[in-house]
file run.cif (mmCIF, C-alpha atoms and all ligand atoms)
data_model
#
loop_
_atom_site.label_atom_id
_atom_site.label_comp_id
_atom_site.auth_asym_id
_atom_site.auth_seq_id
_atom_site.Cartn_x
_atom_site.Cartn_y
_atom_site.Cartn_z
CA ALA A 285 0.00 0.00 0.00
CA ASN A 286 1.06 3.57 -0.59
CA HIS A 287 1.35 5.95 2.29
CA ALA A 288 1.65 9.62 2.56
CA ALA A 289 5.01 10.18 4.18
CA GLY A 290 5.57 11.45 7.66
CA GLY A 291 4.06 11.23 11.10
CA THR A 292 5.76 9.58 14.04
CA TYR A 293 3.05 7.07 14.31
CA ASN A 294 4.20 5.50 17.53
CA LYS A 295 4.56 8.66 19.54
CA PHE A 296 2.47 7.50 22.48
CA ALA A 297 4.64 4.47 22.90
CA ASN A 298 7.87 6.45 23.22
CA GLY A 299 9.83 5.34 26.22
CA VAL A 300 7.67 2.33 26.81
CA GLY A 301 10.02 -0.49 27.60
CA ARG A 302 8.45 -3.48 25.99
CA VAL A 303 6.06 -2.07 23.42
CA PRO A 304 6.66 -4.02 20.24
CA VAL A 305 6.70 -1.82 17.16
CA GLY A 306 5.47 -4.50 14.86
CA ILE A 307 5.33 -3.36 11.30
CA GLY A 308 7.20 -0.22 10.50
CA SER A 309 6.81 3.29 11.72
CA LYS A 310 4.90 4.86 8.82
CA ARG A 311 1.38 6.10 9.04
CA LYS A 312 -0.93 3.20 8.36
CA ARG A 313 -4.16 2.69 6.51
CA ILE A 314 -6.48 0.78 8.76
CA VAL A 315 -9.93 -0.70 8.34
CA VAL A 316 -12.14 -1.01 11.40
CA THR A 317 -15.24 -3.10 10.69
CA GLY A 318 -17.94 -2.27 13.22
CA GLY A 319 -16.18 1.05 13.81
CA ALA A 320 -19.45 2.89 14.48
CA GLY A 321 -20.19 0.58 17.40
CA PHE A 322 -19.31 0.86 21.07
CA VAL A 323 -15.79 -0.60 21.18
CA GLY A 324 -15.04 0.21 17.54
CA SER A 325 -15.70 3.95 17.83
CA HIS A 326 -13.31 4.23 20.80
CA LEU A 327 -10.69 2.34 18.84
CA VAL A 328 -11.19 4.61 15.82
CA ASP A 329 -10.71 7.70 18.02
CA LYS A 330 -7.44 6.25 19.23
CA LEU A 331 -6.15 5.41 15.74
CA VAL A 332 -7.13 8.75 14.20
CA ALA A 333 -5.50 10.61 17.12
CA ARG A 334 -2.36 8.57 16.53
CA GLY A 335 -2.26 9.82 12.95
CA ASP A 336 -3.45 6.80 10.99
CA ASP A 337 -5.87 6.84 8.06
CA VAL A 338 -8.94 5.00 9.24
CA ILE A 339 -11.73 3.51 7.14
CA VAL A 340 -14.81 2.41 9.06
CA ILE A 341 -17.04 -0.24 7.52
CA ASP A 342 -20.38 -0.40 9.27
CA ASN A 343 -23.98 -1.14 8.32
CA PHE A 344 -25.35 0.55 11.48
CA PHE A 345 -27.05 -2.62 12.58
CA THR A 346 -26.27 -1.89 16.24
CA GLY A 347 -23.83 0.98 15.75
CA ARG A 348 -24.68 4.66 15.42
CA LYS A 349 -23.40 7.54 13.31
CA GLU A 350 -23.39 9.65 16.49
CA ASN A 351 -20.48 7.55 17.77
CA VAL A 352 -18.22 8.83 15.00
CA VAL A 353 -19.91 12.08 13.97
CA HIS A 354 -17.13 14.14 15.60
CA LEU A 355 -14.73 12.67 13.02
CA PHE A 356 -16.78 13.71 9.96
CA GLY A 357 -14.73 16.18 7.97
CA ASN A 358 -11.44 14.82 9.31
CA PRO A 359 -9.37 13.90 6.23
CA ARG A 360 -7.95 10.90 8.08
CA PHE A 361 -11.40 9.40 8.54
CA GLU A 362 -13.71 7.66 6.08
CA LEU A 363 -17.02 5.94 6.70
CA ILE A 364 -18.41 3.27 4.36
CA ARG A 365 -21.92 1.98 4.90
CA HIS A 366 -21.47 -1.64 3.98
CA ASP A 367 -22.51 -5.08 5.19
CA VAL A 368 -19.40 -7.24 5.68
CA VAL A 369 -21.40 -10.23 4.55
CA GLU A 370 -20.84 -8.80 1.04
CA PRO A 371 -17.30 -8.87 -0.40
CA ILE A 372 -15.39 -5.60 -0.56
CA LEU A 373 -12.18 -4.43 -2.26
CA LEU A 374 -9.87 -2.07 -0.37
CA GLU A 375 -6.14 -1.45 0.01
CA VAL A 376 -5.02 -1.23 3.65
CA ASP A 377 -2.30 -2.37 6.04
CA GLN A 378 -4.39 -3.59 8.95
CA ILE A 379 -7.92 -4.84 9.50
CA TYR A 380 -9.56 -4.68 12.92
CA HIS A 381 -12.58 -6.93 12.52
CA LEU A 382 -15.20 -5.95 15.09
CA ALA A 383 -18.40 -6.12 13.05
CA CYS A 384 -20.43 -8.89 14.51
CA PRO A 385 -23.55 -9.49 12.50
CA ALA A 386 -26.22 -11.70 13.99
CA SER A 387 -24.74 -15.15 13.52
CA PRO A 388 -24.38 -17.24 11.43
CA THR A 389 -23.59 -14.39 9.02
CA ASN A 390 -20.79 -13.54 11.48
CA VAL A 391 -18.88 -16.35 9.81
CA MET A 392 -19.45 -14.89 6.32
CA GLY A 393 -18.24 -11.46 7.39
CA THR A 394 -15.12 -12.90 8.97
CA LEU A 395 -14.44 -14.99 5.85
CA ASN A 396 -14.66 -11.92 3.62
CA MET A 397 -12.34 -9.89 5.83
CA LEU A 398 -9.84 -12.77 5.91
CA GLY A 399 -10.08 -13.06 2.11
CA LEU A 400 -9.41 -9.32 1.90
CA ALA A 401 -6.44 -9.63 4.29
CA LYS A 402 -5.03 -12.51 2.23
CA ARG A 403 -5.32 -10.66 -1.08
CA ILE A 404 -3.64 -7.45 0.09
CA GLY A 405 -1.27 -8.85 2.73
CA ALA A 406 -2.90 -6.92 5.57
CA ARG A 407 -2.68 -7.90 9.20
CA PHE A 408 -6.02 -9.07 10.60
CA LEU A 409 -7.27 -8.77 14.19
CA LEU A 410 -10.36 -10.67 15.30
CA THR A 411 -12.33 -9.49 18.31
CA SER A 412 -13.42 -12.80 19.69
CA THR A 413 -15.09 -13.19 23.03
CA SER A 414 -15.01 -14.84 26.42
CA GLU A 415 -18.20 -16.58 25.25
CA VAL A 416 -15.99 -19.10 23.45
CA TYR A 417 -15.48 -20.60 26.93
CA GLY A 418 -19.25 -21.16 27.24
CA ASP A 419 -20.36 -22.15 30.74
CA PRO A 420 -16.80 -22.81 31.86
CA LEU A 421 -15.69 -25.77 33.91
CA GLU A 422 -12.32 -24.11 34.50
CA HIS A 423 -12.09 -20.98 36.66
CA PRO A 424 -10.59 -18.50 36.02
CA GLN A 425 -10.36 -19.13 32.30
CA LYS A 426 -6.99 -19.45 30.60
CA GLU A 427 -6.50 -19.26 26.85
CA THR A 428 -5.61 -22.96 26.82
CA TYR A 429 -9.13 -23.91 27.98
CA TRP A 430 -11.24 -25.27 25.08
CA GLY A 431 -14.55 -24.22 26.53
CA HIS A 432 -17.89 -25.76 27.36
CA VAL A 433 -20.43 -24.62 24.78
CA ASN A 434 -23.84 -26.08 24.00
CA PRO A 435 -23.94 -26.27 20.18
CA ILE A 436 -27.74 -26.20 19.96
CA GLY A 437 -28.69 -23.73 22.69
CA VAL A 438 -30.37 -20.34 22.39
CA ARG A 439 -27.08 -18.45 22.62
CA SER A 440 -25.06 -20.87 20.48
CA CYS A 441 -25.13 -18.81 17.32
CA TYR A 442 -23.00 -16.10 18.89
CA ASP A 443 -20.65 -18.47 20.74
CA GLU A 444 -20.20 -20.93 17.92
CA GLY A 445 -19.99 -18.12 15.36
CA LYS A 446 -17.04 -16.65 17.24
CA ARG A 447 -15.47 -20.07 17.71
CA THR A 448 -15.75 -20.63 13.95
CA ALA A 449 -14.33 -17.16 13.32
CA GLU A 450 -11.29 -18.12 15.43
CA THR A 451 -10.96 -21.36 13.47
CA LEU A 452 -11.11 -19.53 10.14
CA ALA A 453 -8.54 -16.98 11.31
CA MET A 454 -6.13 -19.74 12.35
CA ASP A 455 -6.69 -21.61 9.07
CA TYR A 456 -5.95 -18.48 7.00
CA HIS A 457 -2.90 -17.96 9.20
CA ARG A 458 -1.57 -21.48 8.77
CA GLY A 459 -2.77 -22.09 5.23
CA ALA A 460 -2.40 -18.73 3.52
CA GLY A 461 0.16 -17.04 5.76
CA VAL A 462 -2.18 -14.24 6.83
CA GLU A 463 -0.84 -12.41 9.89
CA VAL A 464 -3.69 -12.81 12.36
CA ARG A 465 -4.25 -11.65 15.92
CA ILE A 466 -7.02 -12.95 18.18
CA ALA A 467 -8.43 -11.11 21.19
CA ARG A 468 -10.90 -12.80 23.51
CA ILE A 469 -12.69 -9.82 24.99
CA PHE A 470 -14.49 -10.15 28.33
CA ASN A 471 -17.58 -8.10 29.23
CA THR A 472 -16.79 -4.47 28.44
CA TYR A 473 -18.73 -1.34 29.40
CA GLY A 474 -18.42 2.41 29.03
CA PRO A 475 -19.74 5.47 27.21
CA ARG A 476 -21.38 4.84 23.79
CA MET A 477 -22.46 1.38 24.82
CA CYS A 478 -25.73 0.40 23.16
CA LEU A 479 -28.59 1.53 25.43
CA ASP A 480 -30.94 -1.32 24.74
CA ASP A 481 -29.14 -4.45 23.56
CA GLY A 482 -29.95 -6.17 26.83
CA ARG A 483 -26.47 -6.39 28.32
CA VAL A 484 -26.43 -6.26 32.07
CA VAL A 485 -24.40 -3.08 32.65
CA SER A 486 -26.36 -1.02 30.12
CA ASN A 487 -29.64 -2.43 31.45
CA PHE A 488 -28.89 -1.65 35.12
CA VAL A 489 -27.49 1.81 34.39
CA SER A 490 -30.44 2.77 32.14
CA GLN A 491 -32.94 1.35 34.61
CA ALA A 492 -31.39 3.23 37.54
CA ILE A 493 -31.39 6.49 35.56
CA ARG A 494 -35.02 5.95 34.50
CA LYS A 495 -36.01 5.13 38.11
CA GLN A 496 -37.05 1.63 37.10
CA PRO A 497 -36.12 -1.47 39.09
CA MET A 498 -32.92 -3.20 37.95
CA THR A 499 -33.80 -6.58 36.43
CA VAL A 500 -31.68 -9.32 37.99
CA TYR A 501 -31.95 -12.60 36.05
CA GLY A 502 -32.04 -15.84 38.02
CA ASP A 503 -30.76 -15.65 41.59
CA GLY A 504 -28.20 -13.01 40.63
CA LYS A 505 -25.34 -15.10 41.99
CA GLN A 506 -23.80 -15.74 38.57
CA THR A 507 -20.57 -13.79 38.05
CA ARG A 508 -18.97 -11.71 35.32
CA SER A 509 -15.79 -9.65 35.14
CA PHE A 510 -16.32 -6.15 33.81
CA GLN A 511 -13.73 -4.15 31.92
CA PHE A 512 -13.90 -0.42 31.24
CA VAL A 513 -13.58 0.32 27.53
CA SER A 514 -10.55 2.59 27.84
CA ASP A 515 -8.56 -0.27 29.33
CA LEU A 516 -9.32 -2.26 26.19
CA VAL A 517 -8.60 0.33 23.50
CA TYR A 518 -8.02 3.84 24.65
CA LYS A 519 -6.09 5.91 27.12
CA PHE A 520 -7.50 9.02 28.61
CA PHE A 521 -5.12 11.92 28.65
CA TYR A 522 -4.05 11.73 32.25
CA GLU A 523 -3.11 8.12 31.78
CA PHE A 524 -0.32 9.03 29.37
CA LYS A 525 1.72 9.85 32.44
CA ALA A 526 1.57 6.23 33.44
CA ARG A 527 2.40 5.03 29.98
CA ASP A 528 5.27 2.87 31.09
CA LEU A 529 2.76 0.86 33.08
CA LYS A 530 0.23 0.17 30.43
CA VAL A 531 -0.31 -0.05 26.70
CA ASP A 532 -3.61 -0.43 24.93
CA GLY A 533 -4.87 -3.97 24.66
CA LEU A 534 -6.18 -4.21 21.10
CA VAL A 535 -3.54 -1.91 19.62
CA ALA A 536 -0.72 -3.64 21.50
CA LEU A 537 -1.97 -6.95 20.21
CA MET A 538 -2.23 -5.73 16.61
CA GLU A 539 1.24 -4.17 16.68
CA GLY A 540 2.96 -7.03 18.51
CA GLU A 541 4.32 -10.29 17.18
CA HIS A 542 2.02 -12.69 19.03
CA VAL A 543 -0.97 -14.32 17.35
CA GLY A 544 -2.83 -15.11 20.56
CA PRO A 545 -5.51 -15.79 21.47
CA PHE A 546 -5.26 -13.36 24.36
CA ASN A 547 -7.81 -12.83 27.11
CA LEU A 548 -8.47 -9.09 27.41
CA GLY A 549 -10.59 -8.43 30.44
CA ASN A 550 -10.60 -7.20 34.01
CA PRO A 551 -10.16 -10.03 36.53
CA GLY A 552 -12.36 -8.24 39.12
CA GLU A 553 -15.28 -10.66 39.48
CA PHE A 554 -18.79 -9.62 40.57
CA THR A 555 -22.12 -11.33 41.04
CA MET A 556 -25.04 -9.59 39.34
CA LEU A 557 -26.35 -8.67 42.79
CA GLU A 558 -23.02 -7.03 43.60
CA LEU A 559 -23.11 -5.21 40.28
CA ALA A 560 -26.62 -3.93 41.09
CA GLU A 561 -25.27 -2.67 44.41
CA VAL A 562 -22.43 -0.75 42.73
CA VAL A 563 -24.88 0.79 40.23
CA LYS A 564 -27.14 1.75 43.12
CA GLU A 565 -24.28 3.42 45.01
CA THR A 566 -23.13 5.18 41.85
CA ILE A 567 -26.43 6.42 40.43
CA ASP A 568 -29.30 6.27 42.88
CA PRO A 569 -29.21 5.05 46.50
CA SER A 570 -32.96 4.43 46.30
CA ALA A 571 -32.70 2.13 43.26
CA SER A 572 -34.43 -1.22 43.67
CA ILE A 573 -34.07 -4.63 42.06
CA GLU A 574 -36.57 -7.03 40.56
CA PHE A 575 -35.88 -10.72 39.90
CA LYS A 576 -36.65 -12.19 36.45
CA PRO A 577 -36.16 -15.69 35.05
CA ASN A 578 -32.72 -16.27 33.59
CA THR A 579 -32.04 -17.37 30.02
CA ALA A 580 -31.05 -20.97 29.34
CA ASP A 581 -27.37 -21.94 29.34
CA ASP A 582 -26.35 -18.75 31.11
CA PRO A 583 -22.70 -19.13 32.15
CA HIS A 584 -22.50 -19.42 35.94
CA LYS A 585 -19.19 -17.66 36.29
CA ARG A 586 -16.59 -15.91 34.25
CA LYS A 587 -13.24 -14.39 35.10
CA PRO A 588 -10.20 -14.03 32.86
CA ASP A 589 -6.75 -15.26 33.67
CA ILE A 590 -4.74 -12.47 32.06
CA SER A 591 -1.19 -13.66 32.80
CA LYS A 592 -0.53 -14.23 29.10
CA ALA A 593 -1.47 -10.66 28.09
CA LYS A 594 0.50 -9.30 31.04
CA ASP A 595 3.62 -11.24 30.08
CA LEU A 596 3.57 -10.90 26.31
CA LEU A 597 1.69 -7.63 25.66
CA ASN A 598 2.65 -5.80 28.85
CA TRP A 599 -1.06 -5.12 29.18
CA GLU A 600 -3.18 -4.90 32.28
CA PRO A 601 -6.49 -3.14 32.99
CA LYS A 602 -6.36 -0.34 35.55
CA ILE A 603 -9.92 0.84 36.05
CA SER A 604 -12.05 -0.91 38.66
CA LEU A 605 -15.81 -1.24 38.31
CA ARG A 606 -16.33 1.40 41.01
CA ASP A 607 -14.10 3.85 39.12
CA GLY A 608 -15.40 2.98 35.67
CA LEU A 609 -19.17 3.05 36.19
CA PRO A 610 -19.36 6.77 37.06
CA ARG A 611 -17.55 7.52 33.79
CA MET A 612 -20.43 6.20 31.69
CA VAL A 613 -23.28 7.83 33.56
CA ASP A 614 -23.24 11.27 31.89
CA ASP A 615 -23.26 9.73 28.42
CA PHE A 616 -26.19 7.48 29.35
CA ARG A 617 -28.13 10.31 31.02
CA ASN A 618 -27.73 12.52 27.94
CA ARG A 619 -28.83 9.84 25.53
CA ILE A 620 -31.79 8.78 27.64
CA LEU A 621 -32.84 12.42 27.95
CA ASN A 622 -32.61 12.90 24.17
CA GLU A 623 -34.59 9.74 23.56
CA ASP A 624 -37.33 10.86 25.92
CA GLU A 625 -37.45 14.29 24.28
CA GLY A 626 -37.62 12.59 20.89
CA LYS A 627 -40.73 10.76 22.07
CA GLY A 628 -42.27 14.06 23.02
CA ASN A 629 -42.23 13.29 26.74
P1 LIG B 701 -21.49 -3.07 18.91
O1 LIG B 701 -22.76 -3.75 18.56
O2 LIG B 701 -21.56 -1.75 19.57
O3 LIG B 701 -20.56 -2.94 17.62
C1 LIG B 701 -20.64 -3.80 16.51
C2 LIG B 701 -20.66 -2.93 15.26
O4 LIG B 701 -20.68 -3.77 14.09
C3 LIG B 701 -21.90 -2.04 15.17
O5 LIG B 701 -21.52 -0.73 14.83
C4 LIG B 701 -22.72 -2.69 14.06
O6 LIG B 701 -23.53 -1.75 13.37
C5 LIG B 701 -21.64 -3.28 13.18
N1 LIG B 701 -22.10 -4.39 12.36
C6 LIG B 701 -22.87 -5.45 12.75
N2 LIG B 701 -23.10 -6.26 11.71
C7 LIG B 701 -22.46 -5.73 10.64
C8 LIG B 701 -22.33 -6.10 9.28
N3 LIG B 701 -22.90 -7.21 8.81
N4 LIG B 701 -21.60 -5.32 8.46
C9 LIG B 701 -21.01 -4.19 8.94
N5 LIG B 701 -21.10 -3.78 10.21
C10 LIG B 701 -21.82 -4.54 11.05
O7 LIG B 701 -20.66 -4.10 19.80
P2 LIG B 701 -19.33 -3.91 20.63
O8 LIG B 701 -19.65 -4.16 22.03
O9 LIG B 701 -18.64 -2.67 20.23
O10 LIG B 701 -18.49 -5.15 20.11
C11 LIG B 701 -17.47 -5.06 19.13
C12 LIG B 701 -16.84 -6.42 18.95
O11 LIG B 701 -16.26 -6.86 20.17
C13 LIG B 701 -17.82 -7.50 18.52
O12 LIG B 701 -17.19 -8.36 17.58
C14 LIG B 701 -18.10 -8.24 19.80
O13 LIG B 701 -18.47 -9.57 19.56
C15 LIG B 701 -16.76 -8.13 20.50
N6 LIG B 701 -16.93 -8.26 21.95
C16 LIG B 701 -17.51 -7.27 22.69
C17 LIG B 701 -17.67 -7.44 24.06
C18 LIG B 701 -18.30 -6.38 24.92
O14 LIG B 701 -18.49 -6.63 26.11
N7 LIG B 701 -18.64 -5.21 24.41
C19 LIG B 701 -17.24 -8.62 24.67
C20 LIG B 701 -16.66 -9.60 23.88
C21 LIG B 701 -16.51 -9.42 22.53
N1 LIG B 702 -12.92 -11.22 -0.44
C1 LIG B 702 -13.25 -9.90 -0.28
N2 LIG B 702 -12.34 -8.94 -0.64
C2 LIG B 702 -11.12 -9.25 -1.17
C3 LIG B 702 -10.78 -10.62 -1.31
C4 LIG B 702 -11.71 -11.57 -0.93
O1 LIG B 702 -14.32 -9.53 0.20
O2 LIG B 702 -10.37 -8.33 -1.48
C5 LIG B 702 -13.90 -12.25 -0.06
C6 LIG B 702 -14.23 -13.15 -1.23
O3 LIG B 702 -15.35 -12.65 -1.93
C7 LIG B 702 -14.53 -14.48 -0.59
C8 LIG B 702 -13.84 -14.42 0.77
O4 LIG B 702 -13.33 -13.11 0.90
O5 LIG B 702 -15.92 -14.62 -0.36
C9 LIG B 702 -12.73 -15.41 0.94
O6 LIG B 702 -11.76 -15.12 -0.04
P1 LIG B 702 -10.66 -16.19 -0.47
O7 LIG B 702 -9.87 -15.60 -1.60
O8 LIG B 702 -9.89 -16.64 0.70
O9 LIG B 702 -11.53 -17.43 -0.90
P2 LIG B 702 -12.01 -17.90 -2.33
O10 LIG B 702 -12.63 -16.71 -3.01
O11 LIG B 702 -10.76 -18.37 -2.98
O12 LIG B 702 -12.98 -18.97 -1.98
N1 LIG B 703 -28.40 -10.12 33.33
C1 LIG B 703 -29.22 -9.67 34.36
N2 LIG B 703 -30.07 -8.65 34.10
C2 LIG B 703 -30.16 -8.03 32.90
C3 LIG B 703 -29.33 -8.47 31.86
C4 LIG B 703 -28.47 -9.53 32.12
O1 LIG B 703 -29.15 -10.18 35.49
O2 LIG B 703 -30.97 -7.09 32.77
C5 LIG B 703 -27.44 -11.20 33.61
C6 LIG B 703 -27.41 -12.31 32.58
O3 LIG B 703 -28.35 -13.30 32.93
C7 LIG B 703 -26.00 -12.81 32.73
C8 LIG B 703 -25.20 -11.57 33.11
O4 LIG B 703 -26.15 -10.62 33.55
O5 LIG B 703 -25.89 -13.74 33.75
C9 LIG B 703 -24.39 -10.96 31.97
O6 LIG B 703 -25.25 -10.81 30.86
P1 LIG B 703 -24.79 -10.03 29.55
O7 LIG B 703 -25.79 -10.31 28.50
O8 LIG B 703 -24.50 -8.62 29.88
O9 LIG B 703 -23.37 -10.69 29.19
P2 LIG B 703 -22.96 -12.18 28.83
O10 LIG B 703 -23.97 -13.13 29.37
O11 LIG B 703 -22.87 -12.20 27.36
O12 LIG B 703 -21.65 -12.34 29.51
#
call {"tool": "encode", "arguments": {"input": "run.cif", "output": "structure tokens"}}
result
Amino acid sequence: ANHAAGGTYNKFANGVGRVPVGIGSKRKRIVVTGGAGFVGSHLVDKLVARGDDVIVIDNFFTGRKENVVHLFGNPRFELIRHDVVEPILLEVDQIYHLACPASPTNVMGTLNMLGLAKRIGARFLLTSTSEVYGDPLEHPQKETYWGHVNPIGVRSCYDEGKRTAETLAMDYHRGAGVEVRIARIFNTYGPRMCLDDGRVVSNFVSQAIRKQPMTVYGDGKQTRSFQFVSDLVYKFFYEFKARDLKVDGLVALMEGEHVGPFNLGNPGEFTMLELAEVVKETIDPSASIEFKPNTADDPHKRKPDISKAKDLLNWEPKISLRDGLPRMVDDFRNRILNEDEGKGN
């Protein structure tokens, strides 16, 4: 690919002991599929700020133009409305593949992006998920664990779709020499998260803001480990000072020499009842909870073992749930307010 010259692309990594500068120091052209989504839009901010040329491919299935509207008019940024299930021709250096269509088309999208990576020699990063571990029999989960997934359950399409995506990525790596990177992302929350896709953090936070009871599924004793989005992809300004302690997870993985898979998540483990308590303390001390039946095959517990990412990527999350939750509240309040106004309330 041709690049405009210039730009010290790795400026934020200066002085960082073990940051691998994988593939040159020129400005890169980067595709982010799903870049108008929650995680993707934070990643795009990071890459544009770093000086890369970023092309977002998104069909706005769950993403929103508002997440990237501040980049419109920036010559380094381009937005293509496109469904990754359809083939596409582009010339880039790296592909961050975050678009996750409702499975099984997830597999088709991943296949197309791998085919694209193969044709142009781009590096390909797959955002896989902790769901590949299913309802785990090993705790905490290490990357070596093969998982415990029901192939015919109600949530299998997502889990098995991601497992197949990992398989395809490794096959293109071994068979066609594509440089792949695999991240297994654990439950992530933060500003720009979808308000109504049913995830527990967005549900509890929206419910508490709307003065509705927080819906706890089952007995609420199941656990998850929640990671703040900036730990995954982005550093806030004040964190630059601590840059020798931490590099960005997804970017470090893409730039480094290790294929993975890597668990990227916060090992702090909470029951859903404990999460409700933190939301209550953060947003509204008078918030209440309401029990609802749980979905089938819901994983009982989940907590990443992140030793591999610590050792090989020099990566570690820094923001606890208590510190992270307050940082998403303003964004949620504003959006909920706008929605309500939109309805004429
Ligand atoms: P999101 O729904 O906010 O983002 C996904 C984006 O992909 C959206 O903008 C959506 O419009 C777009 N998209 C969906 N289908 C598409 C298609 N066919 N063509 C083009 N674009 C399409 O979700 P997110 O939380 O930002 O997740 C991003 C990635 O990270 C996903 O692959 C997800 O599986 C993975 N992940 C997220 C979490 C988490 O907790 N947020 C955990 C594990 C894995
Ligand atoms: N593909 C794409 N863009 C490209 C190259 C390939 O979208 O630049 C798609 C292609 O249409 C195919 C998939 O990626 O559906 C896999 O491509 P590959 O070349 O690996 O497989 P083949 O076409 O040989 O079956
Ligand atoms: N959950 C809940 N109330 C909600 C939404 C989800 O108690 O309003 C529970 C859900 O049953 C699961 C956990 O929260 O045990 C995490 O669910 P989520 O969909 O956020 O993530 P995932 O199950 O994919 O890890």
call {"tool": "residues_around", "arguments": {"input": "run.cif", "residues": "Lys495 of chain A", "least_positions_apart": "2", "cutoff": "9 Å", "atoms": "only C-alpha atoms", "output": "number ranges by chain"}}
result
A: 490-493, 497-498, 568, 570-572
call {"tool": "residues_near_ligand", "arguments": {"input": "run.cif", "ligand": "ligand LIG 703 (chain B)", "cutoff": "8 Å", "atoms": "only C-alpha atoms and all ligand atoms", "output": "PyMOL selection string"}}
result
chain A and resi 414-415+470-471+482-488+498-502+504+506-508+556-557+576+578-579+582-584+586
call {"tool": "closest_atom_pairs", "arguments": {"input": "run.cif", "of": "chain A", "to": "ligand LIG 701 (chain B)", "cutoff": "6 Å", "atoms": "only C-alpha atoms and all ligand atoms", "output": "JSON lines"}}
result
{"residue": "A:Thr317", "atom": "CA", "partner": "B:LIG701", "partner_atom": "N5", "distance": 5.9}
{"residue": "A:Gly318", "atom": "CA", "partner": "B:LIG701", "partner_atom": "O4", "distance": 3.2}
{"residue": "A:Gly319", "atom": "CA", "partner": "B:LIG701", "partner_atom": "O5", "distance": 5.7}
{"residue": "A:Ala320", "atom": "CA", "partner": "B:LIG701", "partner_atom": "O5", "distance": 4.2}
{"residue": "A:Gly321", "atom": "CA", "partner": "B:LIG701", "partner_atom": "O5", "distance": 3.2}
{"residue": "A:Phe322", "atom": "CA", "partner": "B:LIG701", "partner_atom": "O9", "distance": 3.7}
{"residue": "A:Val323", "atom": "CA", "partner": "B:LIG701", "partner_atom": "O9", "distance": 3.6}
{"residue": "A:Gly324", "atom": "CA", "partner": "B:LIG701", "partner_atom": "O9", "distance": 5.3}
{"residue": "A:Ile341", "atom": "CA", "partner": "B:LIG701", "partner_atom": "C9", "distance": 5.8}
{"residue": "A:Asp342", "atom": "CA", "partner": "B:LIG701", "partner_atom": "N5", "distance": 3.6}
{"residue": "A:Asn343", "atom": "CA", "partner": "B:LIG701", "partner_atom": "C9", "distance": 4.3}
{"residue": "A:Phe344", "atom": "CA", "partner": "B:LIG701", "partner_atom": "O6", "distance": 3.5}
{"residue": "A:Phe345", "atom": "CA", "partner": "B:LIG701", "partner_atom": "O6", "distance": 3.7}
{"residue": "A:Thr346", "atom": "CA", "partner": "B:LIG701", "partner_atom": "O6", "distance": 4.0}
{"residue": "A:Gly347", "atom": "CA", "partner": "B:LIG701", "partner_atom": "O5", "distance": 3.0}
{"residue": "A:His366", "atom": "CA", "partner": "B:LIG701", "partner_atom": "C9", "distance": 5.6}
{"residue": "A:Asp367", "atom": "CA", "partner": "B:LIG701", "partner_atom": "N4", "distance": 3.4}
{"residue": "A:Val368", "atom": "CA", "partner": "B:LIG701", "partner_atom": "N4", "distance": 4.0}
{"residue": "A:Val369", "atom": "CA", "partner": "B:LIG701", "partner_atom": "N3", "distance": 5.4}
{"residue": "A:Leu382", "atom": "CA", "partner": "B:LIG701", "partner_atom": "O12", "distance": 4.0}
{"residue": "A:Ala383", "atom": "CA", "partner": "B:LIG701", "partner_atom": "O4", "distance": 3.4}
{"residue": "A:Cys384", "atom": "CA", "partner": "B:LIG701", "partner_atom": "O12", "distance": 4.5}
{"residue": "A:Pro385", "atom": "CA", "partner": "B:LIG701", "partner_atom": "N2", "distance": 3.4}
{"residue": "A:Thr411", "atom": "CA", "partner": "B:LIG701", "partner_atom": "O12", "distance": 5.0}
{"residue": "A:Ser412", "atom": "CA", "partner": "B:LIG701", "partner_atom": "C21", "distance": 5.4}
{"residue": "A:Thr413", "atom": "CA", "partner": "B:LIG701", "partner_atom": "C20", "distance": 4.0}
{"residue": "A:Ile469", "atom": "CA", "partner": "B:LIG701", "partner_atom": "C20", "distance": 4.1}
{"residue": "A:Phe470", "atom": "CA", "partner": "B:LIG701", "partner_atom": "C19", "distance": 4.8}
{"residue": "A:Asn471", "atom": "CA", "partner": "B:LIG701", "partner_atom": "O14", "distance": 3.6}
{"residue": "A:Thr472", "atom": "CA", "partner": "B:LIG701", "partner_atom": "O14", "distance": 3.6}
{"residue": "A:Cys478", "atom": "CA", "partner": "B:LIG701", "partner_atom": "O2", "distance": 5.9}
call {"tool": "residues_near_ligand", "arguments": {"input": "run.cif", "ligand": "ligand LIG 702 (chain B)", "cutoff": "10 Å", "atoms": "all atoms listed in the file", "output": "list in words"}}
result
Val368, Val369, Glu370, Pro371, Ile372, Leu373, Leu374, Glu375, Met392, Gly393, Thr394, Leu395, Asn396, Met397, Leu398, Gly399, Leu400, Ala401, Lys402, Arg403, Ile404, Leu452, Tyr456 and Ala460 of chain A
call {"tool": "atom_distance", "arguments": {"input": "run.cif", "atom1": "atom CA of Lys564 of chain A", "atom2": "atom CA of Arg606 of chain A"}}
result
11.0 Å
call {"tool": "closest_residue", "arguments": {"input": "run.cif", "among": "A:Thr389, A:Ser604, A:Gln378, A:Thr428", "to": "Phe408 of chain A", "atoms": "only C-alpha atoms"}}
result
A:Gln378
call {"tool": "closest_residue", "arguments": {"input": "run.cif", "among": "A:Leu537, A:Glu444, A:Val438, A:His423", "to": "Glu463 of chain A", "atoms": "only C-alpha atoms"}}
result
A:Leu537
call {"tool": "closest_residue", "arguments": {"input": "run.cif", "among": "A:Leu534, A:Val562, A:Leu421, A:Val489", "to": "Lys585 of chain A", "atoms": "only C-alpha atoms"}}
result
A:Leu421
